[in-house]
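What follows is protein-v5.tsv (TSV, C-alpha atoms and all ligand atoms).
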chain	number	residue	atom	x	y	z
A	1	MET	CA	0.00	0.00	0.00
A	2	ASN	CA	1.63	3.29	-1.06
A	3	ASP	CA	1.26	6.02	1.55
A	4	ARG	CA	0.73	9.23	-0.44
A	5	ILE	CA	-1.54	10.43	-3.23
A	6	LYS	CA	-2.49	13.79	-4.68
A	7	LEU	CA	-6.13	14.72	-4.14
A	8	ASP	CA	-8.12	17.88	-4.88
A	9	GLU	CA	-9.82	19.69	-2.00
A	10	PHE	CA	-13.15	17.87	-2.39
A	11	LYS	CA	-11.47	14.46	-2.29
A	12	GLN	CA	-9.25	15.46	0.63
A	13	GLN	CA	-12.41	16.33	2.56
A	14	VAL	CA	-14.03	13.01	1.60
A	15	ALA	CA	-10.92	11.08	2.67
A	16	ALA	CA	-10.80	13.00	5.97
A	17	ILE	CA	-14.46	12.19	6.72
A	18	TYR	CA	-13.86	8.47	6.20
A	19	ASP	CA	-10.58	8.56	8.12
A	20	ARG	CA	-12.56	9.94	11.07
A	21	ARG	CA	-15.19	7.18	10.68
A	22	SER	CA	-12.67	4.39	10.31
A	23	GLN	CA	-13.03	2.89	13.79
A	24	THR	CA	-16.85	2.89	13.72
A	25	TYR	CA	-17.59	2.20	10.04
A	26	ASP	CA	-18.06	-1.55	10.50
A	27	ARG	CA	-20.55	-1.16	13.39
A	28	GLY	CA	-23.85	-2.85	12.62
A	29	ASP	CA	-24.37	-5.01	9.58
A	30	PHE	CA	-25.99	-2.58	7.13
A	31	HIS	CA	-22.95	-2.14	4.87
A	32	LEU	CA	-21.96	-5.80	5.13
A	33	LYS	CA	-25.40	-6.88	3.91
A	34	LEU	CA	-25.21	-4.52	0.93
A	35	ALA	CA	-21.73	-5.82	0.09
A	36	ASN	CA	-22.85	-9.44	0.28
A	37	THR	CA	-25.91	-8.83	-1.88
A	38	LEU	CA	-23.80	-7.04	-4.49
A	39	ILE	CA	-21.40	-10.01	-4.49
A	40	LYS	CA	-24.30	-12.42	-4.95
A	41	TYR	CA	-25.58	-10.51	-8.00
A	42	ALA	CA	-22.05	-10.28	-9.43
A	43	ARG	CA	-21.83	-14.08	-9.76
A	44	ILE	CA	-18.14	-14.19	-8.82
A	45	GLN	CA	-16.30	-17.43	-9.54
A	46	SER	CA	-13.16	-19.13	-8.33
A	47	GLY	CA	-10.00	-17.92	-10.08
A	48	GLN	CA	-11.37	-14.51	-11.10
A	49	ASN	CA	-9.64	-11.15	-10.82
A	50	ILE	CA	-11.74	-8.53	-9.05
A	51	LEU	CA	-11.38	-4.77	-8.65
A	52	ASP	CA	-13.20	-3.32	-5.64
A	53	ILE	CA	-13.57	0.42	-6.19
A	54	ALA	CA	-13.75	2.44	-2.95
A	55	THR	CA	-13.10	-0.68	-0.91
A	56	GLY	CA	-13.29	1.11	2.46
A	57	THR	CA	-12.86	-1.46	5.23
A	58	GLY	CA	-12.77	-4.19	2.60
A	59	LEU	CA	-16.30	-5.55	3.05
A	60	VAL	CA	-16.64	-6.44	-0.64
A	61	ALA	CA	-12.97	-7.24	-1.20
A	62	ILE	CA	-12.72	-9.74	1.65
A	63	GLU	CA	-15.85	-11.69	0.73
A	64	ALA	CA	-14.85	-11.66	-2.95
A	65	ALA	CA	-11.36	-12.90	-2.04
A	66	LYS	CA	-12.84	-15.91	-0.25
A	67	ILE	CA	-14.82	-16.82	-3.39
A	68	VAL	CA	-12.03	-16.34	-5.97
A	69	GLY	CA	-9.64	-18.37	-3.80
A	70	LYS	CA	-5.89	-18.71	-4.20
A	71	THR	CA	-6.05	-18.82	-8.00
A	72	GLY	CA	-7.85	-15.48	-8.12
A	73	LYS	CA	-7.01	-12.02	-6.91
A	74	VAL	CA	-8.76	-8.94	-5.51
A	75	ILE	CA	-7.49	-5.37	-5.65
A	76	GLY	CA	-9.23	-2.86	-3.38
A	77	VAL	CA	-8.66	0.86	-3.97
A	78	ASP	CA	-9.60	3.74	-1.73
A	79	ILE	CA	-8.48	7.26	-0.79
A	80	SER	CA	-8.97	6.86	2.98
A	81	THR	CA	-5.82	5.63	4.71
A	82	GLY	CA	-7.87	5.11	7.90
A	83	LEU	CA	-10.36	2.73	6.27
A	84	LEU	CA	-7.60	0.92	4.35
A	85	GLU	CA	-5.76	0.30	7.60
A	86	VAL	CA	-8.90	-1.30	9.07
A	87	ALA	CA	-9.21	-3.41	5.88
A	88	ARG	CA	-5.56	-4.44	6.12
A	89	LYS	CA	-5.99	-5.74	9.66
A	90	LYS	CA	-9.16	-7.67	8.74
A	91	ILE	CA	-7.40	-9.28	5.76
A	92	GLU	CA	-4.52	-10.30	8.02
A	93	VAL	CA	-6.87	-11.78	10.63
A	94	ALA	CA	-8.74	-13.69	7.88
A	95	GLY	CA	-5.40	-15.07	6.63
A	96	LEU	CA	-6.09	-13.95	3.06
A	97	THR	CA	-3.10	-13.63	0.77
A	98	ASN	CA	-4.98	-12.79	-2.43
A	99	VAL	CA	-6.06	-9.22	-1.63
A	100	GLU	CA	-4.01	-6.15	-2.52
A	101	LEU	CA	-4.98	-2.77	-1.10
A	102	MET	CA	-4.10	0.39	-3.01
A	103	LEU	CA	-4.29	3.96	-1.79
A	104	ALA	CA	-5.53	5.47	-5.04
A	105	ASP	CA	-8.12	7.80	-6.52
A	106	ALA	CA	-10.55	5.54	-8.38
A	107	GLU	CA	-11.11	8.32	-10.92
A	108	ASN	CA	-7.44	8.17	-11.92
A	109	LEU	CA	-6.72	4.49	-12.18
A	110	ASN	CA	-4.45	3.13	-14.83
A	111	PHE	CA	-4.83	-0.62	-15.32
A	112	PRO	CA	-4.22	-2.36	-18.66
A	113	GLU	CA	-7.18	-3.63	-20.70
A	114	ASN	CA	-8.38	-7.15	-19.79
A	115	SER	CA	-7.30	-6.85	-16.15
A	116	PHE	CA	-10.51	-7.77	-14.31
A	117	ASP	CA	-13.43	-10.20	-14.57
A	118	ARG	CA	-15.51	-8.11	-12.17
A	119	ILE	CA	-15.38	-4.48	-11.10
A	120	LEU	CA	-17.51	-3.72	-8.05
A	121	CYS	CA	-18.39	-0.49	-6.31
A	122	CYS	CA	-20.57	-0.55	-3.21
A	123	SER	CA	-22.10	2.58	-1.60
A	124	ALA	CA	-19.66	5.05	-3.09
A	125	LEU	CA	-20.78	6.35	-6.49
A	126	PRO	CA	-22.19	9.75	-5.34
A	127	LEU	CA	-18.71	10.59	-4.04
A	128	PHE	CA	-17.27	10.56	-7.55
A	129	PRO	CA	-17.55	13.91	-9.36
A	130	ASN	CA	-17.23	12.36	-12.87
A	131	VAL	CA	-19.32	9.21	-12.70
A	132	LEU	CA	-19.96	8.70	-16.42
A	133	ASP	CA	-16.28	9.16	-17.34
A	134	ASP	CA	-15.33	6.86	-14.47
A	135	LEU	CA	-17.62	4.08	-15.69
A	136	ILE	CA	-16.18	4.37	-19.19
A	137	LEU	CA	-12.65	4.21	-17.75
A	138	TRP	CA	-13.45	1.22	-15.51
A	139	ARG	CA	-15.16	-0.60	-18.41
A	140	SER	CA	-11.84	-0.48	-20.27
A	141	PHE	CA	-10.23	-2.59	-17.51
A	142	LEU	CA	-12.69	-5.47	-17.94
A	143	VAL	CA	-11.98	-8.68	-19.81
A	144	SER	CA	-14.34	-9.47	-22.68
A	145	GLY	CA	-17.65	-10.51	-21.07
A	146	GLY	CA	-16.59	-9.02	-17.72
A	147	LEU	CA	-19.15	-7.45	-15.41
A	148	ILE	CA	-19.44	-4.23	-13.50
A	149	GLY	CA	-21.59	-4.29	-10.36
A	150	LEU	CA	-22.69	-1.17	-8.49
A	151	GLN	CA	-24.75	-0.70	-5.35
A	152	VAL	CA	-26.42	2.71	-5.23
A	153	TYR	CA	-29.25	4.41	-3.32
A	154	ALA	CA	-32.67	5.50	-4.56
A	155	LYS	CA	-33.25	9.27	-4.59
A	156	THR	CA	-35.67	8.91	-1.65
A	157	ALA	CA	-33.15	7.04	0.50
A	158	PHE	CA	-32.10	8.54	3.84
A	159	VAL	CA	-35.03	10.74	4.79
A	160	ALA	CA	-32.95	13.46	6.46
A	161	GLY	CA	-30.76	13.92	3.39
A	162	TYR	CA	-33.75	13.71	1.04
A	163	ILE	CA	-35.63	16.46	2.88
A	164	LEU	CA	-32.43	18.50	3.05
A	165	GLN	CA	-32.16	18.28	-0.75
A	166	LEU	CA	-35.78	19.44	-1.21
A	167	VAL	CA	-35.38	22.41	1.15
A	168	ALA	CA	-31.99	23.43	-0.30
A	169	LYS	CA	-33.49	23.46	-3.79
A	170	ARG	CA	-36.02	26.09	-2.72
A	171	TYR	CA	-33.05	28.28	-1.81
A	172	GLY	CA	-31.41	27.74	-5.20
A	173	ILE	CA	-28.95	25.10	-4.02
A	174	GLU	CA	-28.76	21.76	-5.81
A	175	LEU	CA	-27.36	19.11	-3.52
A	176	ILE	CA	-26.50	16.12	-5.66
A	177	PHE	CA	-26.50	12.81	-3.83
A	178	SER	CA	-28.01	10.34	-6.25
A	179	ASP	CA	-28.93	12.37	-9.29
A	180	LEU	CA	-27.52	9.86	-11.78
A	181	THR	CA	-28.77	6.73	-10.05
A	182	GLY	CA	-31.83	7.81	-8.05
A	183	THR	CA	-34.34	5.67	-10.00
A	184	GLU	CA	-34.21	2.33	-11.79
A	185	ASP	CA	-34.48	4.10	-15.17
A	186	LYS	CA	-31.60	6.42	-14.32
A	187	CYS	CA	-29.40	3.49	-13.26
A	188	TYR	CA	-30.18	1.71	-16.52
A	189	SER	CA	-29.54	4.73	-18.68
A	190	LEU	CA	-26.26	5.58	-16.89
A	191	LEU	CA	-24.81	2.15	-17.65
A	192	GLN	CA	-26.15	2.28	-21.19
A	193	LYS	CA	-24.47	5.66	-21.78
A	194	ALA	CA	-21.21	4.22	-20.45
A	195	GLY	CA	-21.40	1.47	-23.09
A	196	PHE	CA	-22.46	-1.48	-20.93
A	197	LYS	CA	-24.73	-4.24	-22.26
A	198	ASN	CA	-27.06	-6.83	-20.67
A	199	ILE	CA	-27.93	-4.33	-17.96
A	200	GLU	CA	-29.79	-5.55	-14.86
A	201	VAL	CA	-31.21	-3.36	-12.11
A	202	HIS	CA	-32.32	-5.10	-8.91
A	203	ARG	CA	-34.26	-3.07	-6.35
A	204	GLU	CA	-34.22	-3.83	-2.63
A	205	GLN	CA	-36.62	-2.04	-0.33
A	206	LEU	CA	-34.79	-1.35	2.93
A	207	GLY	CA	-35.61	1.13	5.66
A	208	ASN	CA	-36.11	1.72	9.36
A	209	TYR	CA	-37.84	4.13	11.72
A	210	ILE	CA	-35.73	6.87	13.27
A	211	ALA	CA	-36.47	9.39	16.02
A	212	LEU	CA	-37.25	12.99	15.04
A	213	GLU	CA	-34.27	14.23	17.07
A	214	GLU	CA	-31.92	11.91	15.18
A	215	ALA	CA	-33.19	13.21	11.83
A	216	LYS	CA	-32.88	16.83	13.00
A	217	LYS	CA	-29.23	16.28	13.95
A	218	THR	CA	-28.46	15.89	10.24
A	219	TRP	CA	-28.81	19.66	9.86
A	220	ASP	CA	-25.73	20.46	11.95
A	221	GLY	CA	-23.96	17.19	11.25
A	222	SER	CA	-23.99	17.54	7.49
A	223	PHE	CA	-22.30	20.93	7.19
A	224	ASN	CA	-18.83	19.44	7.16
A	225	HIS	CA	-19.71	17.01	4.40
A	226	PRO	CA	-18.38	18.18	1.03
A	227	LEU	CA	-21.60	17.07	-0.72
A	228	VAL	CA	-23.56	19.53	1.42
A	229	SER	CA	-21.04	22.32	1.91
A	230	GLN	CA	-22.77	24.58	-0.67
A	231	LEU	CA	-25.39	25.32	1.98
A	232	LYS	CA	-22.77	27.46	3.69
A	233	GLN	CA	-23.20	29.95	0.82
A	234	LEU	CA	-26.58	31.04	2.24
A	235	SER	CA	-26.78	34.18	4.38
A	236	PRO	CA	-27.38	33.59	8.12
A	237	GLU	CA	-31.00	34.81	7.68
A	238	LYS	CA	-31.71	32.40	4.82
A	239	LEU	CA	-29.98	29.56	6.66
A	240	ALA	CA	-32.22	30.13	9.67
A	241	LEU	CA	-35.32	30.08	7.45
A	242	ALA	CA	-34.13	26.94	5.65
A	243	LYS	CA	-33.43	25.22	8.98
A	244	ALA	CA	-36.93	26.06	10.26
A	245	GLU	CA	-38.47	24.65	7.05
A	246	TYR	CA	-36.31	21.55	7.32
A	247	PHE	CA	-37.40	20.90	10.92
A	248	ALA	CA	-41.08	21.54	10.06
A	249	GLU	CA	-40.96	19.06	7.16
A	250	LEU	CA	-39.41	16.39	9.36
A	251	GLU	CA	-41.98	17.03	12.10
A	252	ALA	CA	-44.76	16.52	9.56
A	253	LEU	CA	-43.42	13.01	8.86
A	254	VAL	CA	-43.54	11.81	12.47
A	255	THR	CA	-45.72	8.76	13.14
A	256	ASP	CA	-46.18	6.86	16.40
A	257	LYS	CA	-43.21	4.69	15.39
A	258	GLY	CA	-40.96	7.63	14.49
A	259	ILE	CA	-40.01	8.82	10.99
A	260	TRP	CA	-39.80	6.26	8.19
A	261	ASN	CA	-36.24	6.34	6.90
A	262	ASP	CA	-36.37	4.86	3.43
A	263	ARG	CA	-33.15	3.11	2.40
A	264	THR	CA	-34.13	1.68	-0.96
A	265	VAL	CA	-31.09	0.44	-2.85
A	266	TYR	CA	-30.36	-0.68	-6.39
A	267	TYR	CA	-27.84	-3.26	-7.51
A	268	VAL	CA	-26.87	-2.44	-11.07
A	269	LEU	CA	-24.97	-4.87	-13.29
A	270	GLY	CA	-23.71	-4.57	-16.83
A	271	SER	CA	-21.34	-6.47	-19.10
A	272	ASN	CA	-18.81	-4.88	-21.40
A	273	CYS	CA	-20.00	-6.82	-24.46
A	301	LIG	C1	-19.67	4.65	2.11
A	301	LIG	S1	-18.00	4.17	1.90
A	301	LIG	C2	-18.19	2.59	1.09
A	301	LIG	C3	-17.05	1.67	1.39
A	301	LIG	C4	-17.24	0.22	0.92
A	301	LIG	N1	-17.34	0.13	-0.52
A	301	LIG	C5	-18.45	-0.41	1.57
A	301	LIG	O1	-19.34	-0.87	0.86
A	301	LIG	O2	-18.49	-0.46	2.81
A	301	LIG	C6	-17.46	5.21	0.58
A	301	LIG	C7	-16.01	4.99	0.25
A	301	LIG	O3	-15.66	5.68	-0.95
A	301	LIG	C8	-14.30	6.05	-0.83
A	301	LIG	N2	-13.98	7.03	-1.88
A	301	LIG	C9	-14.57	8.22	-2.08
A	301	LIG	N3	-14.02	8.85	-3.14
A	301	LIG	C10	-13.08	8.01	-3.65
A	301	LIG	C11	-12.18	8.08	-4.74
A	301	LIG	N4	-12.13	9.17	-5.54
A	301	LIG	N5	-11.37	7.03	-4.98
A	301	LIG	C12	-11.40	5.94	-4.17
A	301	LIG	N6	-12.21	5.83	-3.11
A	301	LIG	C13	-13.06	6.84	-2.84
A	301	LIG	C14	-14.26	6.57	0.60
A	301	LIG	O4	-12.96	6.77	1.06
A	301	LIG	C15	-15.04	5.48	1.31
A	301	LIG	O5	-14.21	4.41	1.66

Could I get this structure in the form of C-alpha cells?
Ligand SMILES: C[S@@+](CC[C@H](N)C(=O)[O-])C[C@H]1O[C@@H](n2cnc3c(N)ncnc32)[C@H](O)[C@@H]1O
Amino acid sequence: MNDRIKLDEFKQQVAAIYDRRSQTYDRGDFHLKLANTLIKYARIQSGQNILDIATGTGLVAIEAAKIVGKTGKVIGVDISTGLLEVARKKIEVAGLTNVELMLADAENLNFPENSFDRILCCSALPLFPNVLDDLILWRSFLVSGGLIGLQVYAKTAFVAGYILQLVAKRYGIELIFSDLTGTEDKCYSLLQKAGFKNIEVHREQLGNYIALEEAKKTWDGSFNHPLVSQLKQLSPEKLALAKAEYFAELEALVTDKGIWNDRTVYYVLGSNC
C-alpha cells in the first residue's frame, strides 16, 4: 500500500471524513449486507480477478477474495488511509493472501485492458464527481464478457438527506446525492451511456424508523460534508429560514413509530459486451 496520493480539496475532505469514521464504520451489519448482496448478484467465480472500487474497510474485497480463492485475486482501492488500515488488519486476521490494497483515486486508475473479470463499487458512487467518465474508464479494464456491479441508493433514500435536498433546492442550491442513479431508469440509462450491455437493475426495499431528534441532527452534522457544503453559501438569515423549514418538514413526517427512513437500494450490473 503506497502512503501518499495527490487529491483535490473535495477528495481530501471526503478522505478526511472516512478517516474519522474508520473505527466505527463496521458497526452494525448494514454495509456488510449490501456488500454481500452485491457479491451475490455479481456471480463471482473461483479464479477470477476482481477490482473493488472504494473498498473502504474491505467488506466487498474480503468476501470476494474468499470466493475467488488462491487462484484469483482482488485489488481494493480507496483514498482513505484510515479505512484501508482497518481493511488491512481484517485481511490479516482472515489469513487472506490474495487481496491487494491500493491507496488510489478511483477516478485516476491506470490498469491495462483485460485486467478484471468483475469491477464492483458498493455505496460510493455519489462521491465521484465524474461518474460517467469513471464508468467508461473502468469498463476499459474489464476482460471481454466481464461485469461491473454497483450498489447505489434511490433518490428517496435517507429521509434526512432527502428532505435537506428538497429544502436546499427552494433556496437555489442543488445538492446532488443520487442524481444519476436515483431511480431504476436512471441506473439503466447511466450504464447504457457508459457502453455497458445486458444491464440488470435489482431493487431492494430497505428502511427503518428513526427518532425525530436523530433526523434533525443531520442539519448540523452535514455541514462538514463536502456534498452539502454549498449550503454554507446562504446568508445567516436564509440559513435560519431553511433550517426552520427543514425541521417543520421532518416534524410533519412523524408517526407513532418515528419517521420512516427509506433506504431503498439498487444493484446495477452490466457487461462490457
Ligand atoms: C460509504 S464508503 C463505502 C465503502 C465500501 N465500498 C463499503 O461498501 O463499505 C465510501 C467509500 O468511498 C471512498 N472514496 C470516495 N471517493 C473516492 C475516490 N475518488 N477514490 C477511491 N475511493 C473513494 C471513501 O474513502 C469510502 O471508503

Taking only C-alpha atoms and all ligand atoms into account, which residues have an atom no farther than 7 Å from ligand LIG 301 (chain A)? I'd like them as a short mmCIF file (atom, residue, chain, number, x, y, z; two decimals) with C-alpha atoms, in the frame of the given file.
data_model
loop_
_atom_site.label_atom_id
_atom_site.label_comp_id
_atom_site.auth_asym_id
_atom_site.auth_seq_id
_atom_site.Cartn_x
_atom_site.Cartn_y
_atom_site.Cartn_z
CA LYS A 11 -11.47 14.46 -2.29
CA VAL A 14 -14.03 13.01 1.60
CA ALA A 15 -10.92 11.08 2.67
CA TYR A 18 -13.86 8.47 6.20
CA HIS A 31 -22.95 -2.14 4.87
CA LEU A 32 -21.96 -5.80 5.13
CA LEU A 34 -25.21 -4.52 0.93
CA ALA A 35 -21.73 -5.82 0.09
CA ILE A 53 -13.57 0.42 -6.19
CA ALA A 54 -13.75 2.44 -2.95
CA THR A 55 -13.10 -0.68 -0.91
CA GLY A 56 -13.29 1.11 2.46
CA THR A 57 -12.86 -1.46 5.23
CA GLY A 58 -12.77 -4.19 2.60
CA LEU A 59 -16.30 -5.55 3.05
CA VAL A 60 -16.64 -6.44 -0.64
CA VAL A 77 -8.66 0.86 -3.97
CA ASP A 78 -9.60 3.74 -1.73
CA ILE A 79 -8.48 7.26 -0.79
CA SER A 80 -8.97 6.86 2.98
CA LEU A 83 -10.36 2.73 6.27
CA ALA A 104 -5.53 5.47 -5.04
CA ASP A 105 -8.12 7.80 -6.52
CA ALA A 106 -10.55 5.54 -8.38
CA GLU A 107 -11.11 8.32 -10.92
CA CYS A 121 -18.39 -0.49 -6.31
CA CYS A 122 -20.57 -0.55 -3.21
CA SER A 123 -22.10 2.58 -1.60
CA ALA A 124 -19.66 5.05 -3.09
CA LEU A 127 -18.71 10.59 -4.04
CA PHE A 128 -17.27 10.56 -7.55
#

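Non-sequential neighbours of Tyr171 of chain A (distance at most 12 Å, separation of 2 or more positions within a chain, all atoms listed in the file) are Leu164, Gln165, Leu166, Val167, Ala168, Lys169, Ile173, Glu174, Leu175, Gln230, Leu231, Lys232, Gln233, Leu234, Ser235, Glu237, Lys238, Leu239, Ala240, Leu241, Ala242, Lys243, Glu245 and Tyr246 of chain A.
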
One-decimal distance in Å that lies between atom CA of Asp179 of chain A and atom CA of Pro226 of chain A: 15.9 Å

Which residue out of A:Ser115, A:Ser222, A:Thr71, A:Asn198 has the minimum interatomic distance to Gly161 of chain A when all atoms listed in the file are used? A:Ser222

Using all atoms listed in the file, which residue out of A:Leu227, A:Tyr162, A:Leu191, A:Cys273 lies closest to Ile176 of chain A?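 Of A:Leu227, A:Tyr162, A:Leu191, A:Cys273, the one nearest Ile176 of chain A, counting all atoms listed in the file, is A:Leu227.
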
Using all atoms listed in the file, which protein or nucleic acid residues come within 6 Å of segment 68-70 of chain A? Drop anything in the same chain fewer than 2 positions from it, and give the result as a CSV table (one decimal) with C-alpha atoms, in the coordinates of the input.
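selection-v7.csv was written with the following content:
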chain,number,residue,atom,x,y,z
A,45,GLN,CA,-16.3,-17.4,-9.5
A,46,SER,CA,-13.2,-19.1,-8.3
A,47,GLY,CA,-10.0,-17.9,-10.1
A,48,GLN,CA,-11.4,-14.5,-11.1
A,65,ALA,CA,-11.4,-12.9,-2.0
A,66,LYS,CA,-12.8,-15.9,-0.2
A,72,GLY,CA,-7.8,-15.5,-8.1

Closest contacts (segment 205-226 of chain A/segment 253-269 of chain A, max 10 Å, all atoms listed in the file) as JSON lines:
{"residue": "A:Gln205", "atom": "CA", "partner": "A:Thr264", "partner_atom": "CA", "distance": 4.5}
{"residue": "A:Leu206", "atom": "CA", "partner": "A:Arg263", "partner_atom": "CA", "distance": 4.8}
{"residue": "A:Gly207", "atom": "CA", "partner": "A:Asp262", "partner_atom": "CA", "distance": 4.4}
{"residue": "A:Asn208", "atom": "CA", "partner": "A:Asn261", "partner_atom": "CA", "distance": 5.2}
{"residue": "A:Tyr209", "atom": "CA", "partner": "A:Trp260", "partner_atom": "CA", "distance": 4.6}
{"residue": "A:Ile210", "atom": "CA", "partner": "A:Ile259", "partner_atom": "CA", "distance": 5.2}
{"residue": "A:Ala211", "atom": "CA", "partner": "A:Gly258", "partner_atom": "CA", "distance": 5.1}
{"residue": "A:Leu212", "atom": "CA", "partner": "A:Ile259", "partner_atom": "CA", "distance": 6.4}
{"residue": "A:Glu213", "atom": "CA", "partner": "A:Gly258", "partner_atom": "CA", "distance": 9.7}
{"residue": "A:Glu214", "atom": "CA", "partner": "A:Ile259", "partner_atom": "CA", "distance": 9.6}
{"residue": "A:Ala215", "atom": "CA", "partner": "A:Ile259", "partner_atom": "CA", "distance": 8.2}

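Proximity ranking of A:Arg21, A:Arg139, A:Arg118, A:Lys90 relative to Ala194 of chain A places A:Arg139 first, based on only C-alpha atoms.
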
Answer as a list in words, residues within 12 Å of (-22.5, -14.1, -8.3) using only C-alpha atoms: Ala35, Asn36, Thr37, Leu38, Ile39, Lys40, Tyr41, Ala42, Arg43, Ile44, Gln45, Ser46, Gln48, Glu63, Ala64, Ile67, Val68, Asp117, Arg118, Leu120, Leu147, Ile148, Gly149 and Leu269 of chain A

Deliver the residues from the most recent selection as a file, using C-alpha atoms, as a PDB file, in the frame of the given file.
ATOM      1  CA  ALA A  35     -21.730  -5.820   0.090  1.00  0.00           C
ATOM      2  CA  ASN A  36     -22.850  -9.440   0.280  1.00  0.00           C
ATOM      3  CA  THR A  37     -25.910  -8.830  -1.880  1.00  0.00           C
ATOM      4  CA  LEU A  38     -23.800  -7.040  -4.490  1.00  0.00           C
ATOM      5  CA  ILE A  39     -21.400 -10.010  -4.490  1.00  0.00           C
ATOM      6  CA  LYS A  40     -24.300 -12.420  -4.950  1.00  0.00           C
ATOM      7  CA  TYR A  41     -25.580 -10.510  -8.000  1.00  0.00           C
ATOM      8  CA  ALA A  42     -22.050 -10.280  -9.430  1.00  0.00           C
ATOM      9  CA  ARG A  43     -21.830 -14.080  -9.760  1.00  0.00           C
ATOM     10  CA  ILE A  44     -18.140 -14.190  -8.820  1.00  0.00           C
ATOM     11  CA  GLN A  45     -16.300 -17.430  -9.540  1.00  0.00           C
ATOM     12  CA  SER A  46     -13.160 -19.130  -8.330  1.00  0.00           C
ATOM     13  CA  GLN A  48     -11.370 -14.510 -11.100  1.00  0.00           C
ATOM     14  CA  GLU A  63     -15.850 -11.690   0.730  1.00  0.00           C
ATOM     15  CA  ALA A  64     -14.850 -11.660  -2.950  1.00  0.00           C
ATOM     16  CA  ILE A  67     -14.820 -16.820  -3.390  1.00  0.00           C
ATOM     17  CA  VAL A  68     -12.030 -16.340  -5.970  1.00  0.00           C
ATOM     18  CA  ASP A 117     -13.430 -10.200 -14.570  1.00  0.00           C
ATOM     19  CA  ARG A 118     -15.510  -8.110 -12.170  1.00  0.00           C
ATOM     20  CA  LEU A 120     -17.510  -3.720  -8.050  1.00  0.00           C
ATOM     21  CA  LEU A 147     -19.150  -7.450 -15.410  1.00  0.00           C
ATOM     22  CA  ILE A 148     -19.440  -4.230 -13.500  1.00  0.00           C
ATOM     23  CA  GLY A 149     -21.590  -4.290 -10.360  1.00  0.00           C
ATOM     24  CA  LEU A 269     -24.970  -4.870 -13.290  1.00  0.00           C
TER      25      LEU A 269
END

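Here atom CA of Gln12 of chain A and atom CA of Val74 of chain A stand 25.2 Å from one another.
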
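From atom CA of Asp220 of chain A back to atom CA of Glu9 of chain A, the distance works out to 21.2 Å.
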
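Using all atoms listed in the file for every distance, the candidate list A:Asp8, A:Thr218, A:Ile136, A:Ser271 yields A:Thr218 as the residue closest to Leu250 of chain A.
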
Contacts of Leu132 of chain A at 12 Å (only C-alpha atoms; same-chain gap of 2+ positions) as an NGL selection string: :A and (107 or 125-126 or 128-130 or 134-139 or 180-181 or 187 or 189-196)

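Considering the residues A:Val99, A:Gly146, A:Asn114, A:Lys73 and counting all atoms listed in the file, Lys197 of chain A has its shortest atom-to-atom contact with A:Gly146.
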
From the options A:Lys89, A:Lys216, A:Arg20, A:Arg203, which residue's atoms come nearest to Ile163 of chain A, counting all atoms listed in the file?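 Residue with the minimum atom-to-atom distance to Ile163 of chain A: A:Lys216.
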
What box, with edges along x, y and z, holds each listed atom of segment 165-169 of chain A when 8 Å is added on every side, and can you state its centre and edge lengths in Å to one decimal, as AutoDock Vina command-line options?
--center_x -33.9 --center_y 20.9 --center_z -1.3 --size_x 19.8 --size_y 21.2 --size_z 20.9

Quick one: everything within 7 Å of Lys155 of chain A, counting all atoms listed in the file, minus sequence neighbours fewer than 3 positions away in the same chain. Send it as an MDAnalysis selection string. chainID A and resid 178 182:183
